[in-house]
file input31.cif (mmCIF, C-alpha atoms and all ligand atoms)
data_data
loop_
_atom_site.label_atom_id
_atom_site.label_comp_id
_atom_site.auth_asym_id
_atom_site.auth_seq_id
_atom_site.Cartn_x
_atom_site.Cartn_y
_atom_site.Cartn_z
CA MET X 60 3.07 -22.17 -90.75
CA ASN X 61 3.65 -19.08 -88.60
CA VAL X 62 5.59 -18.99 -85.33
CA THR X 63 5.35 -16.52 -82.45
CA ILE X 64 8.52 -16.35 -80.39
CA LYS X 65 8.61 -15.04 -76.83
CA PRO X 66 11.96 -13.50 -75.92
CA SER X 67 13.92 -16.12 -73.98
CA LYS X 68 17.42 -17.17 -73.03
CA LEU X 69 18.87 -19.80 -75.36
CA GLU X 70 21.47 -22.25 -74.09
CA GLY X 71 22.86 -25.69 -74.74
CA SER X 72 25.12 -27.69 -77.06
CA ILE X 73 23.99 -28.68 -80.54
CA MET X 74 25.26 -30.43 -83.64
CA ILE X 75 25.07 -28.12 -86.63
CA PRO X 76 23.49 -29.79 -89.68
CA PRO X 77 25.73 -31.10 -92.46
CA SER X 78 26.90 -28.58 -95.04
CA LYS X 79 24.28 -28.13 -97.74
CA SER X 80 26.93 -27.13 -100.28
CA LEU X 81 29.06 -30.21 -99.61
CA SER X 82 25.97 -32.45 -99.58
CA HIS X 83 24.89 -31.38 -103.07
CA ARG X 84 28.43 -31.86 -104.35
CA ALA X 85 29.01 -35.27 -102.78
CA ILE X 86 25.65 -36.64 -103.94
CA ILE X 87 26.24 -35.49 -107.50
CA ALA X 88 29.81 -36.79 -107.67
CA ALA X 89 28.79 -40.17 -106.23
CA SER X 90 25.90 -40.36 -108.68
CA LEU X 91 28.30 -39.91 -111.58
CA ALA X 92 30.82 -42.52 -110.31
CA LEU X 93 30.38 -46.04 -111.68
CA GLY X 94 30.17 -48.18 -108.53
CA LYS X 95 29.02 -47.83 -104.94
CA SER X 96 29.63 -44.78 -102.74
CA VAL X 97 28.32 -44.18 -99.23
CA ILE X 98 27.61 -40.56 -98.30
CA SER X 99 27.25 -40.18 -94.53
CA ASN X 100 25.76 -37.47 -92.34
CA VAL X 101 23.05 -36.45 -94.78
CA LEU X 102 20.12 -34.22 -93.82
CA TYR X 103 17.03 -34.56 -95.99
CA SER X 104 16.30 -30.86 -96.45
CA LYS X 105 14.12 -29.84 -99.41
CA ASP X 106 17.14 -28.69 -101.43
CA ILE X 107 19.03 -31.92 -100.88
CA LYS X 108 15.95 -33.98 -101.76
CA ALA X 109 15.72 -32.03 -105.02
CA THR X 110 19.31 -32.94 -105.89
CA ILE X 111 18.74 -36.61 -105.01
CA GLU X 112 15.70 -36.71 -107.32
CA ALA X 113 17.61 -34.89 -110.05
CA MET X 114 20.43 -37.43 -110.00
CA ARG X 115 17.89 -40.27 -110.08
CA ALA X 116 16.43 -38.63 -113.17
CA CYS X 117 19.92 -38.88 -114.68
CA GLY X 118 20.34 -42.59 -113.96
CA ALA X 119 21.77 -42.96 -110.43
CA ILE X 120 20.32 -45.51 -108.02
CA ILE X 121 20.14 -43.82 -104.62
CA GLU X 122 19.08 -45.66 -101.47
CA GLU X 123 18.03 -43.43 -98.57
CA TYR X 124 18.74 -44.45 -94.95
CA ASP X 125 18.27 -42.45 -91.73
CA ASP X 126 21.26 -40.18 -92.17
CA TYR X 127 23.25 -41.73 -95.00
CA LEU X 128 22.88 -42.58 -98.66
CA VAL X 129 24.12 -45.54 -100.63
CA ILE X 130 24.61 -44.41 -104.20
CA TYR X 131 25.25 -46.57 -107.26
CA GLY X 132 26.39 -44.08 -109.86
CA SER X 133 25.77 -44.25 -113.56
CA LYS X 134 26.73 -42.58 -116.82
CA VAL X 135 24.28 -39.70 -117.38
CA LYS X 136 21.22 -41.14 -119.07
CA ARG X 137 17.65 -39.98 -119.44
CA VAL X 138 15.55 -41.88 -116.88
CA LYS X 139 13.05 -39.04 -116.56
CA SER X 140 12.61 -36.15 -118.93
CA MET X 141 11.97 -33.53 -116.22
CA ILE X 142 14.01 -32.25 -113.27
CA ASN X 143 12.31 -30.13 -110.60
CA ALA X 144 14.86 -28.19 -108.56
CA ASN X 145 12.10 -26.95 -106.24
CA GLU X 146 13.58 -23.73 -104.74
CA SER X 147 17.25 -24.71 -104.90
CA GLY X 148 19.54 -22.45 -106.91
CA SER X 149 22.40 -24.90 -106.42
CA THR X 150 20.35 -27.80 -107.79
CA ILE X 151 19.18 -26.00 -110.92
CA ARG X 152 22.54 -24.43 -111.77
CA PHE X 153 24.53 -27.60 -111.06
CA MET X 154 22.07 -29.85 -112.85
CA ILE X 155 21.56 -28.00 -116.13
CA PRO X 156 25.02 -28.81 -117.55
CA ILE X 157 25.15 -32.22 -115.88
CA ALA X 158 21.79 -33.39 -117.24
CA LEU X 159 22.75 -32.02 -120.65
CA VAL X 160 25.81 -34.27 -120.86
CA CYS X 161 23.23 -36.67 -122.30
CA ASP X 162 22.24 -35.56 -125.79
CA ALA X 163 18.47 -35.72 -125.29
CA PRO X 164 15.75 -33.18 -124.46
CA MET X 165 15.24 -32.23 -120.81
CA GLU X 166 12.77 -29.99 -119.04
CA PHE X 167 13.91 -28.07 -115.94
CA ARG X 168 11.39 -26.74 -113.45
CA GLY X 169 11.48 -24.86 -110.18
CA GLU X 170 9.12 -23.43 -107.58
CA ASN X 171 8.41 -19.99 -106.10
CA HIS X 172 11.22 -17.48 -106.46
CA LEU X 173 13.63 -19.91 -108.14
CA VAL X 174 11.83 -19.43 -111.47
CA LYS X 175 13.05 -15.81 -111.47
CA ARG X 176 16.66 -16.37 -110.36
CA PRO X 177 19.05 -15.74 -113.29
CA LEU X 178 20.10 -18.50 -115.69
CA ASP X 179 21.45 -16.20 -118.44
CA THR X 180 24.92 -17.75 -118.36
CA PHE X 181 23.46 -21.03 -119.59
CA LEU X 182 21.09 -19.41 -122.08
CA GLU X 183 24.08 -17.62 -123.65
CA ILE X 184 25.91 -20.96 -123.89
CA PHE X 185 22.89 -22.56 -125.58
CA ASP X 186 22.76 -19.70 -128.09
CA LEU X 187 26.48 -20.02 -128.84
CA GLN X 188 26.30 -23.80 -129.26
CA GLY X 189 23.12 -23.65 -131.33
CA ILE X 190 21.12 -25.59 -128.73
CA SER X 191 17.43 -24.73 -128.99
CA TYR X 192 15.35 -24.15 -125.89
CA GLU X 193 11.97 -22.83 -124.85
CA ARG X 194 11.06 -20.73 -121.86
CA GLY X 195 8.27 -18.38 -120.90
CA GLU X 196 8.48 -15.03 -119.15
CA ASP X 197 10.49 -16.52 -116.29
CA TYR X 198 13.68 -18.58 -116.49
CA LEU X 199 11.77 -21.74 -115.55
CA PRO X 200 10.26 -23.94 -116.81
CA LEU X 201 13.01 -24.33 -119.38
CA LYS X 202 12.90 -27.00 -122.08
CA VAL X 203 16.26 -27.73 -123.67
CA LYS X 204 16.33 -29.78 -126.85
CA SER X 205 19.82 -31.33 -126.89
CA GLY X 206 23.09 -31.76 -124.98
CA ILE X 207 26.10 -29.46 -124.50
CA LYS X 208 29.48 -29.89 -126.19
CA SER X 209 33.08 -29.57 -125.00
CA GLY X 210 34.95 -26.39 -125.94
CA VAL X 211 35.73 -22.93 -124.61
CA TYR X 212 33.21 -21.49 -122.16
CA LYS X 213 33.38 -17.79 -121.28
CA VAL X 214 31.56 -17.26 -118.01
CA ARG X 215 31.03 -14.23 -115.76
CA GLY X 216 32.23 -14.78 -112.20
CA ASP X 217 30.13 -12.09 -110.54
CA ILE X 218 26.57 -13.38 -110.83
CA SER X 219 26.73 -16.86 -109.36
CA SER X 220 29.59 -19.29 -108.92
CA GLN X 221 26.99 -22.05 -109.23
CA PHE X 222 27.15 -21.85 -113.05
CA ILE X 223 30.88 -22.58 -112.90
CA THR X 224 30.39 -25.46 -110.48
CA GLY X 225 27.82 -27.03 -112.81
CA LEU X 226 30.22 -26.79 -115.75
CA LEU X 227 33.16 -28.12 -113.70
CA TYR X 228 31.09 -31.23 -112.94
CA ALA X 229 29.85 -31.78 -116.50
CA LEU X 230 32.76 -30.93 -118.81
CA PRO X 231 35.17 -33.69 -117.62
CA ILE X 232 32.78 -36.42 -118.78
CA LEU X 233 32.20 -35.01 -122.25
CA ASP X 234 34.21 -36.16 -125.26
CA GLY X 235 36.93 -33.57 -125.94
CA ASP X 236 38.78 -31.09 -123.77
CA SER X 237 37.29 -27.84 -122.46
CA LYS X 238 38.33 -24.56 -120.94
CA ILE X 239 36.30 -22.22 -118.73
CA GLU X 240 37.44 -18.59 -118.90
CA ILE X 241 36.21 -16.35 -116.11
CA THR X 242 35.50 -12.98 -117.68
CA THR X 243 35.05 -10.84 -114.53
CA THR X 244 36.27 -10.95 -110.95
CA LEU X 245 35.30 -14.24 -109.32
CA GLU X 246 32.94 -13.92 -106.36
CA SER X 247 32.00 -16.80 -104.03
CA LYS X 248 35.45 -18.28 -104.79
CA GLY X 249 35.24 -20.47 -101.68
CA TYR X 250 32.41 -22.41 -103.33
CA ILE X 251 34.64 -23.14 -106.33
CA ASP X 252 37.24 -24.47 -103.90
CA LEU X 253 34.61 -26.82 -102.43
CA THR X 254 33.82 -28.00 -105.97
CA LEU X 255 37.47 -28.59 -106.88
CA ASP X 256 38.09 -30.44 -103.58
CA MET X 257 35.09 -32.71 -104.14
CA LEU X 258 35.96 -33.41 -107.78
CA LYS X 259 39.48 -34.39 -106.73
CA LYS X 260 38.14 -36.80 -104.10
CA PHE X 261 36.07 -38.50 -106.81
CA GLY X 262 39.04 -38.76 -109.20
CA ILE X 263 38.43 -35.77 -111.50
CA GLN X 264 41.41 -33.60 -112.50
CA ILE X 265 40.95 -29.90 -113.21
CA GLU X 266 43.81 -27.50 -113.91
CA ASN X 267 43.08 -24.27 -112.05
CA ARG X 268 45.01 -21.29 -113.44
CA ASP X 269 44.58 -18.82 -110.62
CA TYR X 270 40.75 -18.98 -110.83
CA LYS X 271 40.92 -17.13 -114.18
CA GLU X 272 40.90 -20.22 -116.38
CA PHE X 273 40.09 -23.84 -115.70
CA TYR X 274 41.44 -26.52 -118.10
CA ILE X 275 39.40 -29.69 -118.18
CA LYS X 276 40.42 -32.85 -120.00
CA GLY X 277 37.49 -34.70 -121.51
CA ASN X 278 36.63 -38.42 -121.21
CA GLN X 279 37.43 -38.52 -117.48
CA SER X 280 35.62 -40.89 -115.11
CA TYR X 281 34.34 -40.26 -111.61
CA THR X 282 35.55 -42.94 -109.19
CA PRO X 283 33.36 -43.99 -106.22
CA CYS X 284 34.28 -42.63 -102.79
CA ASP X 285 32.84 -42.88 -99.28
CA TYR X 286 32.43 -39.43 -97.82
CA THR X 287 31.12 -37.92 -94.58
CA ILE X 288 29.60 -34.43 -94.73
CA GLU X 289 30.98 -31.96 -92.17
CA GLY X 290 28.96 -29.34 -90.25
CA ASP X 291 27.68 -26.28 -92.11
CA PHE X 292 29.39 -22.96 -91.36
CA SER X 293 26.56 -21.02 -93.08
CA GLN X 294 24.13 -22.49 -90.51
CA SER X 295 26.57 -21.95 -87.64
CA ALA X 296 26.24 -18.21 -88.29
CA PHE X 297 22.74 -18.00 -86.75
CA PHE X 298 23.88 -19.60 -83.49
CA LEU X 299 27.15 -17.65 -83.24
CA VAL X 300 25.20 -14.42 -83.75
CA ALA X 301 22.79 -15.63 -81.04
CA ASP X 302 25.78 -16.09 -78.72
CA CYS X 303 26.88 -12.50 -79.32
CA LEU X 304 23.33 -11.35 -78.49
CA GLY X 305 23.30 -13.11 -75.11
CA ALA X 306 22.72 -16.82 -75.79
CA ASN X 307 25.06 -19.52 -74.53
CA ILE X 308 25.04 -22.00 -77.41
CA LYS X 309 27.95 -24.30 -78.15
CA LEU X 310 28.37 -25.92 -81.56
CA LYS X 311 29.77 -29.41 -81.42
CA ALA X 312 32.22 -31.07 -83.84
CA MET X 313 32.70 -28.30 -86.39
CA ASN X 314 35.68 -28.87 -88.68
CA MET X 315 37.97 -25.96 -87.86
CA ASP X 316 40.12 -26.88 -90.90
CA SER X 317 37.12 -26.66 -93.19
CA HIS X 318 37.46 -25.09 -96.65
CA GLN X 319 33.90 -23.71 -96.53
CA GLY X 320 33.96 -20.04 -97.50
CA ASP X 321 31.37 -19.26 -94.83
CA LYS X 322 33.92 -20.13 -92.17
CA LYS X 323 34.54 -16.40 -92.65
CA ILE X 324 31.76 -15.98 -90.05
CA LEU X 325 34.44 -16.53 -87.39
CA LYS X 326 36.44 -13.55 -88.61
CA ASP X 327 33.30 -11.46 -89.17
CA ILE X 328 32.16 -12.02 -85.58
CA GLU X 329 35.58 -10.97 -84.31
CA ASP X 330 35.36 -7.87 -86.53
CA PHE X 331 32.21 -7.04 -84.53
CA SER X 332 34.52 -7.21 -81.46
CA SER X 333 33.21 -10.45 -79.97
CA LYS X 334 35.59 -13.34 -79.47
CA ILE X 335 35.35 -16.84 -80.95
CA HIS X 336 36.35 -19.83 -78.84
CA TYR X 337 36.97 -23.42 -79.80
CA GLU X 338 37.42 -25.55 -76.68
CA ASN X 339 36.77 -29.24 -76.04
CA ASP X 340 35.47 -29.65 -79.57
CA GLU X 341 32.90 -26.89 -79.09
CA LEU X 342 32.65 -23.60 -80.96
CA TYR X 343 31.03 -20.50 -79.49
CA ALA X 344 31.22 -16.70 -79.35
CA ASP X 345 31.29 -14.34 -76.36
CA SER X 346 28.13 -12.50 -75.37
CA ILE X 347 29.16 -8.87 -75.30
CA LYS X 348 27.93 -5.54 -76.59
CA THR X 349 29.37 -5.83 -80.10
CA LYS X 350 30.70 -2.86 -82.07
CA GLY X 351 29.82 -1.95 -85.67
CA ALA X 352 32.05 -3.39 -88.42
CA ILE X 353 32.75 -3.18 -92.14
CA ILE X 354 31.91 -6.52 -93.76
CA ASP X 355 32.59 -7.57 -97.36
CA PHE X 356 30.04 -10.07 -98.71
CA SER X 357 31.60 -10.79 -102.10
CA GLN X 358 32.79 -14.22 -100.98
CA SER X 359 30.15 -15.16 -98.41
CA PRO X 360 26.70 -13.90 -99.42
CA ASP X 361 24.78 -16.41 -97.29
CA LEU X 362 26.05 -14.75 -94.09
CA GLY X 363 24.12 -11.57 -94.96
CA PRO X 364 20.83 -12.01 -93.09
CA ALA X 365 22.34 -13.20 -89.78
CA LEU X 366 24.98 -10.45 -89.79
CA THR X 367 22.37 -7.79 -90.56
CA VAL X 368 20.69 -8.71 -87.27
CA LEU X 369 24.01 -8.54 -85.42
CA ALA X 370 24.93 -5.18 -86.98
CA SER X 371 21.52 -3.76 -86.05
CA LEU X 372 22.23 -4.53 -82.40
CA SER X 373 25.90 -3.45 -82.39
CA GLU X 374 27.15 -0.13 -81.12
CA GLY X 375 27.64 2.54 -83.81
CA LYS X 376 27.64 2.13 -87.55
CA SER X 377 28.26 -0.97 -89.69
CA GLU X 378 28.87 -0.98 -93.41
CA PHE X 379 28.08 -3.97 -95.60
CA ILE X 380 29.89 -3.79 -98.93
CA ASN X 381 29.95 -5.85 -102.16
CA ALA X 382 26.63 -7.34 -101.18
CA GLY X 383 24.69 -6.83 -104.44
CA ARG X 384 24.26 -10.58 -105.01
CA LEU X 385 22.21 -10.82 -101.81
CA ARG X 386 19.42 -9.46 -103.98
CA ILE X 387 19.29 -12.56 -106.21
CA LYS X 388 18.89 -15.22 -103.54
CA GLU X 389 15.63 -16.71 -102.20
CA CYS X 390 14.43 -13.11 -101.92
CA ASP X 391 16.07 -9.70 -102.22
CA ARG X 392 17.90 -10.07 -98.92
CA ILE X 393 18.92 -6.39 -98.77
CA THR X 394 15.47 -4.85 -99.13
CA CYS X 395 13.82 -7.62 -97.14
CA MET X 396 16.18 -7.40 -94.14
CA LYS X 397 15.93 -3.59 -94.09
CA GLU X 398 12.12 -3.56 -94.27
CA GLU X 399 11.57 -6.34 -91.78
CA LEU X 400 14.22 -5.22 -89.26
CA GLU X 401 12.86 -1.66 -89.35
CA LYS X 402 9.54 -3.08 -88.10
CA LEU X 403 11.48 -3.93 -84.92
CA GLY X 404 13.12 -0.50 -84.63
CA ALA X 405 16.35 -1.01 -86.60
CA ASN X 406 17.90 1.83 -88.57
CA ILE X 407 19.25 0.85 -92.00
CA ILE X 408 20.13 2.72 -95.21
CA GLU X 409 19.95 0.54 -98.30
CA HIS X 410 22.40 0.86 -101.22
CA GLU X 411 22.43 -0.99 -104.52
CA ASP X 412 25.23 -3.26 -103.36
CA GLY X 413 25.23 -2.86 -99.61
CA MET X 414 23.82 -1.31 -96.46
CA GLU X 415 24.70 1.15 -93.74
CA ILE X 416 23.37 -0.03 -90.42
CA PHE X 417 23.12 2.15 -87.31
CA GLY X 418 22.94 0.04 -84.17
CA VAL X 419 20.12 0.19 -81.62
CA ASP X 420 20.13 -1.28 -78.08
CA SER X 421 17.20 -3.65 -78.48
CA PHE X 422 14.26 -4.50 -80.71
CA THR X 423 10.53 -4.14 -80.17
CA GLY X 424 8.23 -7.04 -80.97
CA GLY X 425 6.50 -7.22 -84.35
CA VAL X 426 5.19 -9.30 -87.22
CA ILE X 427 7.86 -10.30 -89.72
CA ASP X 428 7.37 -11.67 -93.21
CA SER X 429 10.04 -14.29 -93.93
CA HIS X 430 9.57 -13.71 -97.69
CA ASN X 431 9.76 -17.50 -97.86
CA ASP X 432 13.52 -17.25 -97.23
CA HIS X 433 14.99 -19.78 -94.78
CA ARG X 434 17.90 -17.53 -93.83
CA VAL X 435 15.58 -14.59 -93.12
CA ALA X 436 13.37 -16.75 -90.87
CA MET X 437 16.35 -18.15 -88.93
CA SER X 438 17.87 -14.67 -88.53
CA PHE X 439 14.68 -13.31 -86.98
CA ALA X 440 14.53 -16.28 -84.61
CA MET X 441 17.86 -15.02 -83.23
CA ALA X 442 16.67 -11.38 -83.27
CA SER X 443 14.03 -12.42 -80.73
CA ILE X 444 16.74 -12.74 -78.08
CA LYS X 445 16.97 -8.94 -77.96
CA ALA X 446 13.29 -8.16 -78.51
CA LYS X 447 11.14 -6.51 -75.84
CA GLY X 448 7.99 -8.17 -77.19
CA ASP X 449 6.92 -11.22 -79.16
CA ILE X 450 8.15 -11.70 -82.72
CA LYS X 451 5.78 -13.42 -85.08
CA ILE X 452 7.39 -14.87 -88.21
CA LEU X 453 5.07 -15.54 -91.13
CA ASN X 454 5.75 -18.57 -93.31
CA ALA X 455 8.36 -19.86 -90.87
CA GLY X 456 8.20 -23.36 -92.37
CA CYS X 457 10.49 -22.13 -95.16
CA VAL X 458 13.44 -23.23 -92.97
CA SER X 459 12.86 -26.71 -94.44
CA LYS X 460 14.80 -25.57 -97.52
CA SER X 461 18.05 -26.15 -95.62
CA TYR X 462 17.22 -26.98 -91.97
CA PRO X 463 13.91 -28.87 -91.55
CA ASN X 464 14.26 -29.35 -87.77
CA PHE X 465 15.40 -25.78 -87.05
CA TRP X 466 12.38 -24.87 -84.89
CA GLU X 467 12.71 -28.08 -82.82
CA VAL X 468 16.37 -27.27 -82.17
CA PHE X 469 15.42 -23.70 -81.27
CA GLU X 470 12.90 -25.01 -78.72
CA ARG X 471 15.42 -27.51 -77.35
CA LEU X 472 17.73 -24.56 -76.67
CA GLY X 473 14.99 -22.92 -74.60
CA GLY X 474 13.18 -20.93 -77.29
CA LYS X 475 9.50 -20.37 -76.50
CA ILE X 476 7.38 -20.78 -79.61
CA GLU X 477 3.70 -20.91 -80.43
CA TYR X 478 2.89 -22.52 -83.75
CA GLU X 479 -0.03 -21.55 -85.97
CA GLU X 480 -0.93 -23.46 -89.15
O1 LIG X 501 27.85 -23.42 -104.59
C1 LIG X 501 27.16 -23.37 -103.57
O2 LIG X 501 26.98 -24.36 -102.82
C2 LIG X 501 26.55 -22.07 -103.20
C3 LIG X 501 27.02 -20.91 -103.75
C4 LIG X 501 26.56 -19.57 -103.33
O3 LIG X 501 25.88 -19.00 -104.42
P1 LIG X 501 26.57 -17.94 -105.43
O4 LIG X 501 27.71 -18.57 -106.07
O5 LIG X 501 25.45 -17.63 -106.35
O6 LIG X 501 26.99 -16.79 -104.57
C5 LIG X 501 25.63 -19.61 -102.12
O7 LIG X 501 24.92 -18.41 -102.01
C6 LIG X 501 24.68 -20.78 -102.18
O8 LIG X 501 23.85 -20.82 -101.06
C7 LIG X 501 25.44 -22.08 -102.22
C1 LIG X 502 21.08 -19.02 -101.76
C2 LIG X 502 20.99 -20.20 -101.16
O1 LIG X 502 20.90 -21.42 -101.79
P1 LIG X 502 20.62 -21.74 -103.31
O2 LIG X 502 21.31 -20.71 -104.15
O3 LIG X 502 21.17 -23.11 -103.50
O4 LIG X 502 19.13 -21.69 -103.50
C3 LIG X 502 21.03 -20.29 -99.69
O5 LIG X 502 21.06 -21.41 -99.17
O6 LIG X 502 21.03 -19.27 -99.00
#

call {"tool": "encode", "arguments": {"input": "input31.cif", "output": "structure tokens"}}
result
Amino acid sequence: MNVTIKPSKLEGSIMIPPSKSLSHRAIIAASLALGKSVISNVLYSKDIKATIEAMRACGAIIEEYDDYLVIYGSKVKRVKSMINANESGSTIRFMIPIALVCDAPMEFRGENHLVKRPLDTFLEIFDLQGISYERGEDYLPLKVKSGIKSGVYKVRGDISSQFITGLLYALPILDGDSKIEITTTLESKGYIDLTLDMLKKFGIQIENRDYKEFYIKGNQSYTPCDYTIEGDFSQSAFFLVADCLGANIKLKAMNMDSHQGDKKILKDIEDFSSKIHYENDELYADSIKTKGAIIDFSQSPDLGPALTVLASLSEGKSEFINAGRLRIKECDRITCMKEELEKLGANIIEHEDGMEIFGVDSFTGGVIDSHNDHRVAMSFAMASIKAKGDIKILNAGCVSKSYPNFWEVFERLGGKIEYEE
């Protein structure tokens, strides 16, 4: 599906969808807890559906209702011999160690760009533990012959924190104690905090030694827990950027005490010289001519696409640093944002691990390729606010990865869209 957006004023109050990161974590923890858990405020995005199916493949009984799940957890067992993570990096990297708690063969699959996103950390572990596996040219499909064992795991912290999250979920339920040693600086640390918080809620103890080593006692049990998913700060970024660009959108019921790393968007927006307000339970940013800023993406890579749009429309120069991991997401988000924004008149210099962005006053119209990346598509929806002509976004349906009703919400806020199948 393609969409053509006519520049228009966006205004209104909306509920931001539930956090994708917390949803994955709650569903997995509940699926591993023997007994009944209710997970409320669930959005059935493609990524979350992939995790639900993956946990069913490992033995959980999951009942789906409108916006909540009733989950009867189980010990990991082989109900199906294949897990398809679709396009979800979180699902594949969380599920590999979890599914391999059960000592039986498992095939992991993925779709589109996911098959090329790195899984080396796990392949190295398989080699060290003598676990045989088969793969082709890409990382997926991956057929693993047997389960993982407790012990010492040395893991890089600068490729994806998702490997560490997967291990933190799996190692407590193995026989024997384990230790994860982080061998580099740890990036996306906020996501490890979300993991540790969720594990604690479901009764799992992890000893965190300053994020350098994690000690994990074996033979632990997940205990059931009812849990409500809070609003997603990564998704709030698109609407707060829209506010800066001239929209008047208020985000209802965000948890201002949230531990989500992407809550950093509030500071980032203020670094661009706008102001964040939280009044009467509503979050919004001032519409002003923002000024260029220096933004570090080591802890919050998912904010990259939205902030590239904001920087392109801010006065003067912005510098994005420590952003190399943006290249290993749903697409190479550095090259893609540069190439697509330049079609609208932006001025960007690309570096291996960042960008220099020279602000312009407004955009022209143009045809944008979303590169099948939900965050790219949503960022260009917001770019349309400052465009002098129509913006057509190709393959705009990719928003369903995290936010299936995004375009409906955009229209409800006053966005003018023509759809084309
Ligand atoms: O653990 C998580 O929920 C996530 C971790 C981040 O990945 P990295 O750890 O690879 O940066 C982030 O980009 C992803 O969207 C969600
Ligand atoms: C990178 C993302 O997710 P994942 O790694 O789970 O595919 C994302 O949502 O931007």

call {"tool": "residues_around", "arguments": {"input": "input31.cif", "residues": "X:Ile130", "least_positions_apart": "3", "cutoff": "12 Å", "atoms": "only C-alpha atoms", "output": "VMD selection string"}}
result
chain X and resid 85 to 99 111 114 to 115 118 to 124 127 133 283 to 286

call {"tool": "closest_atom_pairs", "arguments": {"input": "input31.cif", "of": "stretch 251-308 of chain X", "to": "stretch 312-336 of chain X", "cutoff": "7 Å", "atoms": "all atoms listed in the file", "output": "CSV"}}
result
residue,atom,partner,partner_atom,distance
X:Leu253,CA,X:His318,CA,6.7
X:Glu289,CA,X:Asn314,CA,6.6
X:Gly290,CA,X:Met313,CA,5.5
X:Phe292,CA,X:Lys322,CA,5.4
X:Ser293,CA,X:Asp321,CA,5.4
X:Ala296,CA,X:Ile324,CA,6.2
X:Cys303,CA,X:Ser333,CA,6.7

call {"tool": "residues_around", "arguments": {"input": "input31.cif", "residues": "stretch 426-439 of chain X", "least_positions_apart": "5", "cutoff": "6 Å", "atoms": "all atoms listed in the file", "output": "PyMOL selection string"}}
result
chain X and resi 364-365+389+399+450-453+455+457-458

call {"tool": "atom_distance", "arguments": {"input": "input31.cif", "atom1": "atom CA of X:Pro77", "atom2": "atom CA of X:Ser104"}}
result
10.2 Å

call {"tool": "atom_distance", "arguments": {"input": "input31.cif", "atom1": "atom CA of X:Ala306", "atom2": "atom CA of X:Ile444"}}
result
7.6 Å

call {"tool": "residues_around", "arguments": {"input": "input31.cif", "residues": "stretch 412-416 of chain X", "least_positions_apart": "4", "cutoff": "7 Å", "atoms": "all atoms listed in the file", "output": "list in words"}}
result
Ala370, Ser371, Lys376, Ser377, Glu378, Phe379, Ile380, Asn381, Ala382, Gly383, Asn406, Ile407 and Ile408 of chain X
